[in-house]
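Reviewing the structure listed below.
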Amino acid sequence: MPPPPRRGKPLELRVQRQILWVGSAAVPLRNVSWVEAFRLKPAWGKAGAYFLLLVVFASLVSAQLDSTDGGGGGGGYAAGVLTLFILVFVCIVLLWSRKPVLVVEMNSGSRVVLTLPTMDELRAIAGQIVYAIDHPEYEFSAVLEQHNTTNNFGSVVNMNGGRGNTGITL
């Protein structure tokens with residue numbers, strides 16, 4: 001059995017003797033029911049929460065500017081700039097939240113979710129996993145590294161579902 005992944009180290013994904021190893025987690029290939037690489041949907045809820053928070057902040061700042069300039073009309077310009085800033089920020093949150101993922105689902109309903117910076121790499125790994133299912137003698141190994149700014153501790157793996165599965169925390 002491989003050692004568990006350590007913080008800041010790459011995560012190894014490999015198929016050896018019909019077992020899919022994700023770090024130190026083992027999944028028999030005969031239990032894999034679904035493999036797909038796709039982009040996650042944008043985080044609309046997160047973007048909506050940021051939008052509402054920033055709209056409240058912009059209205060408070062605009063009201064403060066209106067009260068300090070004596071009604072001279074400078075608050076309208078500031079409100080326009082703040083509104084533009086809010087829209088740009090919400091668009092950045094929506095675009096940044098679309099991450100490429102590889103999902104490997106088991107017959108039990110549990111799944112392993114992996115991220116890499118490009119869809120091509122994920123599709124290649126998905127193809128290798130599917131090929132290994134049909135060809136028992138096939139073995140491969142891939143090193144996954146995380147390239148986003150939200151997790152600086154290595155590859156992102158999320159396991160959920162199944163019986164008593166607590167997932168992997170990296």
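For the structure tokens, the naming scheme is as follows: chains receive sequential letters (A, B, ...) according to their order of presentation, residues are indexed from 1 within each chain, and ligands are indexed from 1 in presentation order.
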- Query: Which residues come within 10 Å of Ile86 of chain A, counting only C-alpha atoms, excluding same-chain residues fewer than 6 positions away, as an MDAnalysis selection string?
  - Reply: chainID A and resid 50:55 57:58 80 92
Any chance you could export the current selection's all heavy atoms as a compact mmCIF listing (two decimals), in the first residue's frame?
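Written output follows (again_29.txt):
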# COMPACT_ATOMS: atom_id res chain seq x y z
N TYR A 50 -22.12 37.25 -2.78
CA TYR A 50 -21.17 38.37 -2.93
C TYR A 50 -21.87 39.59 -3.52
O TYR A 50 -21.63 40.72 -3.10
CB TYR A 50 -20.00 37.98 -3.83
CG TYR A 50 -18.94 37.17 -3.15
CD1 TYR A 50 -18.42 36.04 -3.74
CD2 TYR A 50 -18.43 37.54 -1.91
CE1 TYR A 50 -17.44 35.29 -3.13
CE2 TYR A 50 -17.45 36.81 -1.29
CZ TYR A 50 -16.96 35.69 -1.91
OH TYR A 50 -15.99 34.96 -1.30
N PHE A 51 -22.74 39.36 -4.52
CA PHE A 51 -23.45 40.46 -5.15
C PHE A 51 -24.30 41.22 -4.14
O PHE A 51 -24.25 42.45 -4.07
CB PHE A 51 -24.30 39.93 -6.30
CG PHE A 51 -25.07 41.00 -7.02
CD1 PHE A 51 -24.42 41.85 -7.90
CD2 PHE A 51 -26.42 41.15 -6.83
CE1 PHE A 51 -25.12 42.85 -8.57
CE2 PHE A 51 -27.13 42.14 -7.48
CZ PHE A 51 -26.47 42.99 -8.36
N LEU A 52 -25.09 40.48 -3.35
CA LEU A 52 -25.94 41.15 -2.35
C LEU A 52 -25.12 41.89 -1.31
O LEU A 52 -25.46 43.02 -0.93
CB LEU A 52 -26.86 40.12 -1.67
CG LEU A 52 -27.95 39.54 -2.54
CD1 LEU A 52 -28.71 38.46 -1.79
CD2 LEU A 52 -28.89 40.63 -3.02
N LEU A 53 -24.05 41.27 -0.85
CA LEU A 53 -23.19 41.92 0.14
C LEU A 53 -22.57 43.20 -0.42
O LEU A 53 -22.56 44.24 0.26
CB LEU A 53 -22.09 40.95 0.57
CG LEU A 53 -21.13 41.45 1.65
CD1 LEU A 53 -21.87 41.62 2.97
CD2 LEU A 53 -19.97 40.50 1.80
N LEU A 54 -22.12 43.13 -1.65
CA LEU A 54 -21.50 44.32 -2.24
C LEU A 54 -22.52 45.40 -2.58
O LEU A 54 -22.20 46.59 -2.52
CB LEU A 54 -20.69 43.92 -3.47
CG LEU A 54 -19.42 43.12 -3.16
CD1 LEU A 54 -18.77 42.61 -4.44
CD2 LEU A 54 -18.43 43.97 -2.38
N VAL A 55 -23.73 45.02 -2.95
CA VAL A 55 -24.77 46.02 -3.21
C VAL A 55 -25.11 46.78 -1.93
O VAL A 55 -25.25 48.01 -1.93
CB VAL A 55 -26.03 45.36 -3.82
CG1 VAL A 55 -27.24 46.28 -3.74
CG2 VAL A 55 -25.77 44.98 -5.25
N PHE A 57 -23.09 47.18 0.62
CA PHE A 57 -21.91 48.01 0.90
C PHE A 57 -21.90 49.25 0.01
O PHE A 57 -21.64 50.36 0.47
CB PHE A 57 -20.63 47.19 0.69
CG PHE A 57 -19.38 47.98 0.83
CD1 PHE A 57 -18.93 48.39 2.08
CD2 PHE A 57 -18.63 48.33 -0.29
CE1 PHE A 57 -17.77 49.12 2.21
CE2 PHE A 57 -17.48 49.07 -0.16
CZ PHE A 57 -17.04 49.47 1.08
N ALA A 58 -22.20 49.08 -1.30
CA ALA A 58 -22.21 50.22 -2.23
C ALA A 58 -23.29 51.22 -1.87
O ALA A 58 -23.07 52.44 -1.96
CB ALA A 58 -22.41 49.71 -3.65
N GLY A 80 -22.00 54.74 -9.49
CA GLY A 80 -21.77 54.10 -10.79
C GLY A 80 -20.47 53.30 -10.80
O GLY A 80 -20.42 52.19 -11.32
N ILE A 92 -15.97 37.73 -12.17
CA ILE A 92 -14.72 37.03 -11.86
C ILE A 92 -14.99 35.82 -10.99
O ILE A 92 -14.45 34.73 -11.22
CB ILE A 92 -13.71 37.99 -11.19
CG1 ILE A 92 -13.19 38.98 -12.22
CG2 ILE A 92 -12.56 37.23 -10.56
CD1 ILE A 92 -12.35 40.09 -11.64
- Item | Distance query Thr118 of chain A at most 10 Å, only C-alpha atoms, self and fewer than 4 positions along chain excluded, as number ranges by chain | A: 39, 99-101, 122-123, 147
List as a tab-separated table every residue of segment 13-111 of chain A that is in contact with segment 130-141 of chain A, defined as an atom at most 8 Å from one of its atoms (using only C-alpha atoms), together with the nearest atom pair and the distance in Å rounded to one decimal, sorted by chain and then rising number.
residue	atom	partner	partner_atom	distance
A:Leu13	CA	A:Ser141	CA	5.8
A:Arg14	CA	A:Ser141	CA	4.0
A:Val15	CA	A:Glu139	CA	5.1
A:Gln16	CA	A:Glu139	CA	5.2
A:Arg17	CA	A:Glu137	CA	7.1
A:Gln18	CA	A:Pro136	CA	6.0
A:Leu29	CA	A:Ile133	CA	5.9
A:Arg30	CA	A:Ile133	CA	7.0
A:Val35	CA	A:Val130	CA	7.4
- Message: To test your reading of the structure, identify every residue in segment 75-104 of chain A that backbone DSSP assigns to strand (DSSP E or B), and report it as a ChimeraX atom specification.
- Response: /A:100-104
- Item | Pick from A:Ser67, A:Leu102, A:Pro28, A:Tyr77 nearest to Ala126 of chain A, counting only C-alpha atoms |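 The answer is A:Leu102, which sits nearest to Ala126 of chain A.
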- Query: Could you state the separation of atom CA of Pro117 of chain A and atom CA of Ile129 of chain A in Å, given to one decimal place?
  - Reply: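 According to the coordinates, atom CA of Pro117 of chain A and atom CA of Ile129 of chain A are separated by 18.7 Å.
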- Item | Counting only C-alpha atoms, the option among A:Val27, A:Val93, A:Val81, A:Val32 closest to Met106 of chain A | A:Val32
- Item | Gap from atom CA of Pro10 of chain A to atom CA of Ala26 of chain A - Å, one decimal |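 Separation of atom CA of Pro10 of chain A and atom CA of Ala26 of chain A: 17.0 Å.
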